[in-house]
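These notes concern the structure reproduced below.
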Amino acid sequence: MNRAEAIELIDRKAHTVAEVFNTHAGKEALRVLRDMFDHDDCRGESVEDTYYRLGQRDVIKYIEALLRRVGDYE
């Protein structure tokens, strides 16, 4: 995959995510997900638990980055 194809793929993903999360229900769902998984302190009781929590947070950050890409996120 070349650079242009990679950018096109990311843009398609961003528009798909924006379609879902730019509805009233989607915005509420993202708020719920943020409340559950987007914490500054992701330390767990073990190293594995910490990595697990960081992975959950990373999904939220990825969704937010895709929404920013299409200009639909503050």
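Residues are named by chain letter and number: chains run A, B, ... in the order of the structure tokens, numbers start at 1 in each chain, and ligands are numbered from 1 in the order shown.
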Report task. Would you please give, as a PyMOL selection string, all residues of chain A that DSSP assigns to alpha helix (DSSP H) based on the backbone? Result -> chain A and resi 3-21+24-37+47-69
Query raised in the report: Can you list, as a PyMOL selection string, every protein, DNA or RNA residue that comes within 12 Å of A:Lys61 when you count only C-alpha atoms, leaving out same-chain residues fewer than 2 positions away?
Result: chain A and resi 30+33-34+37-40+54-59+63-68+73
Query raised in the report: Which residues come within 12 Å of A:Lys13, counting only C-alpha atoms, excluding same-chain residues fewer than 2 positions away, as number ranges by chain?
Result: A: 6-11, 15-20, 62-63, 65-67, 69-70
Can you spit out the residues from that selection as a PDB file, in the first residue's frame, using N, CA, C and O atoms?
```pdb
ATOM      1  N   ALA A   6      -2.956   4.654   1.694  1.00  0.00           N
ATOM      2  CA  ALA A   6      -3.079   4.627   3.154  1.00  0.00           C
ATOM      3  C   ALA A   6      -3.904   5.823   3.649  1.00  0.00           C
ATOM      4  O   ALA A   6      -4.776   5.670   4.514  1.00  0.00           O
ATOM      5  N   ILE A   7      -3.673   6.994   3.077  1.00  0.00           N
ATOM      6  CA  ILE A   7      -4.425   8.183   3.461  1.00  0.00           C
ATOM      7  C   ILE A   7      -5.894   8.024   3.080  1.00  0.00           C
ATOM      8  O   ILE A   7      -6.791   8.367   3.858  1.00  0.00           O
ATOM      9  N   GLU A   8      -6.150   7.470   1.908  1.00  0.00           N
ATOM     10  CA  GLU A   8      -7.528   7.232   1.470  1.00  0.00           C
ATOM     11  C   GLU A   8      -8.240   6.268   2.416  1.00  0.00           C
ATOM     12  O   GLU A   8      -9.403   6.477   2.776  1.00  0.00           O
ATOM     13  N   LEU A   9      -7.555   5.220   2.839  1.00  0.00           N
ATOM     14  CA  LEU A   9      -8.136   4.252   3.770  1.00  0.00           C
ATOM     15  C   LEU A   9      -8.462   4.916   5.107  1.00  0.00           C
ATOM     16  O   LEU A   9      -9.557   4.718   5.658  1.00  0.00           O
ATOM     17  N   ILE A  10      -7.552   5.712   5.624  1.00  0.00           N
ATOM     18  CA  ILE A  10      -7.794   6.407   6.891  1.00  0.00           C
ATOM     19  C   ILE A  10      -8.975   7.362   6.751  1.00  0.00           C
ATOM     20  O   ILE A  10      -9.827   7.448   7.647  1.00  0.00           O
ATOM     21  N   ASP A  11      -9.048   8.077   5.632  1.00  0.00           N
ATOM     22  CA  ASP A  11     -10.162   8.999   5.414  1.00  0.00           C
ATOM     23  C   ASP A  11     -11.497   8.253   5.364  1.00  0.00           C
ATOM     24  O   ASP A  11     -12.497   8.726   5.919  1.00  0.00           O
ATOM     25  N   HIS A  15     -14.589   8.884   8.000  1.00  0.00           N
ATOM     26  CA  HIS A  15     -15.953   9.242   7.609  1.00  0.00           C
ATOM     27  C   HIS A  15     -16.964   8.224   8.134  1.00  0.00           C
ATOM     28  O   HIS A  15     -18.066   8.607   8.554  1.00  0.00           O
ATOM     29  N   THR A  16     -16.608   6.966   8.141  1.00  0.00           N
ATOM     30  CA  THR A  16     -17.503   5.938   8.685  1.00  0.00           C
ATOM     31  C   THR A  16     -17.725   6.156  10.175  1.00  0.00           C
ATOM     32  O   THR A  16     -18.863   6.128  10.659  1.00  0.00           O
ATOM     33  N   VAL A  17     -16.637   6.386  10.904  1.00  0.00           N
ATOM     34  CA  VAL A  17     -16.737   6.631  12.347  1.00  0.00           C
ATOM     35  C   VAL A  17     -17.555   7.894  12.605  1.00  0.00           C
ATOM     36  O   VAL A  17     -18.392   7.932  13.519  1.00  0.00           O
ATOM     37  N   ALA A  18     -17.336   8.936  11.805  1.00  0.00           N
ATOM     38  CA  ALA A  18     -18.087  10.183  11.974  1.00  0.00           C
ATOM     39  C   ALA A  18     -19.582   9.965  11.744  1.00  0.00           C
ATOM     40  O   ALA A  18     -20.408  10.544  12.449  1.00  0.00           O
ATOM     41  N   GLU A  19     -19.944   9.140  10.774  1.00  0.00           N
ATOM     42  CA  GLU A  19     -21.357   8.850  10.536  1.00  0.00           C
ATOM     43  C   GLU A  19     -22.016   8.243  11.764  1.00  0.00           C
ATOM     44  O   GLU A  19     -23.167   8.543  12.080  1.00  0.00           O
ATOM     45  N   VAL A  20     -21.290   7.401  12.447  1.00  0.00           N
ATOM     46  CA  VAL A  20     -21.836   6.737  13.636  1.00  0.00           C
ATOM     47  C   VAL A  20     -21.876   7.684  14.830  1.00  0.00           C
ATOM     48  O   VAL A  20     -22.904   7.816  15.503  1.00  0.00           O
ATOM     49  N   TYR A  62      -8.238   6.742  19.467  1.00  0.00           N
ATOM     50  CA  TYR A  62      -8.283   6.478  18.027  1.00  0.00           C
ATOM     51  C   TYR A  62      -9.587   7.007  17.426  1.00  0.00           C
ATOM     52  O   TYR A  62      -9.582   7.664  16.382  1.00  0.00           O
ATOM     53  N   ILE A  63     -10.702   6.745  18.087  1.00  0.00           N
ATOM     54  CA  ILE A  63     -11.991   7.257  17.620  1.00  0.00           C
ATOM     55  C   ILE A  63     -11.955   8.783  17.576  1.00  0.00           C
ATOM     56  O   ILE A  63     -12.373   9.398  16.582  1.00  0.00           O
ATOM     57  N   ALA A  65      -9.365  10.736  17.288  1.00  0.00           N
ATOM     58  CA  ALA A  65      -8.460  11.170  16.222  1.00  0.00           C
ATOM     59  C   ALA A  65      -9.137  11.082  14.858  1.00  0.00           C
ATOM     60  O   ALA A  65      -8.977  11.980  14.017  1.00  0.00           O
ATOM     61  N   LEU A  66      -9.897  10.023  14.623  1.00  0.00           N
ATOM     62  CA  LEU A  66     -10.619   9.903  13.363  1.00  0.00           C
ATOM     63  C   LEU A  66     -11.670  11.009  13.231  1.00  0.00           C
ATOM     64  O   LEU A  66     -11.837  11.587  12.155  1.00  0.00           O
ATOM     65  N   LEU A  67     -12.354  11.322  14.328  1.00  0.00           N
ATOM     66  CA  LEU A  67     -13.347  12.394  14.285  1.00  0.00           C
ATOM     67  C   LEU A  67     -12.687  13.747  14.031  1.00  0.00           C
ATOM     68  O   LEU A  67     -13.224  14.574  13.285  1.00  0.00           O
ATOM     69  N   ARG A  69     -10.055  14.171  12.306  1.00  0.00           N
ATOM     70  CA  ARG A  69      -9.593  14.140  10.912  1.00  0.00           C
ATOM     71  C   ARG A  69     -10.652  14.690   9.963  1.00  0.00           C
ATOM     72  O   ARG A  69     -10.332  15.322   8.976  1.00  0.00           O
ATOM     73  N   VAL A  70     -11.924  14.448  10.260  1.00  0.00           N
ATOM     74  CA  VAL A  70     -12.980  14.967   9.403  1.00  0.00           C
ATOM     75  C   VAL A  70     -13.593  16.247   9.986  1.00  0.00           C
ATOM     76  O   VAL A  70     -14.605  16.730   9.488  1.00  0.00           O
TER      77      VAL A  70
END
```
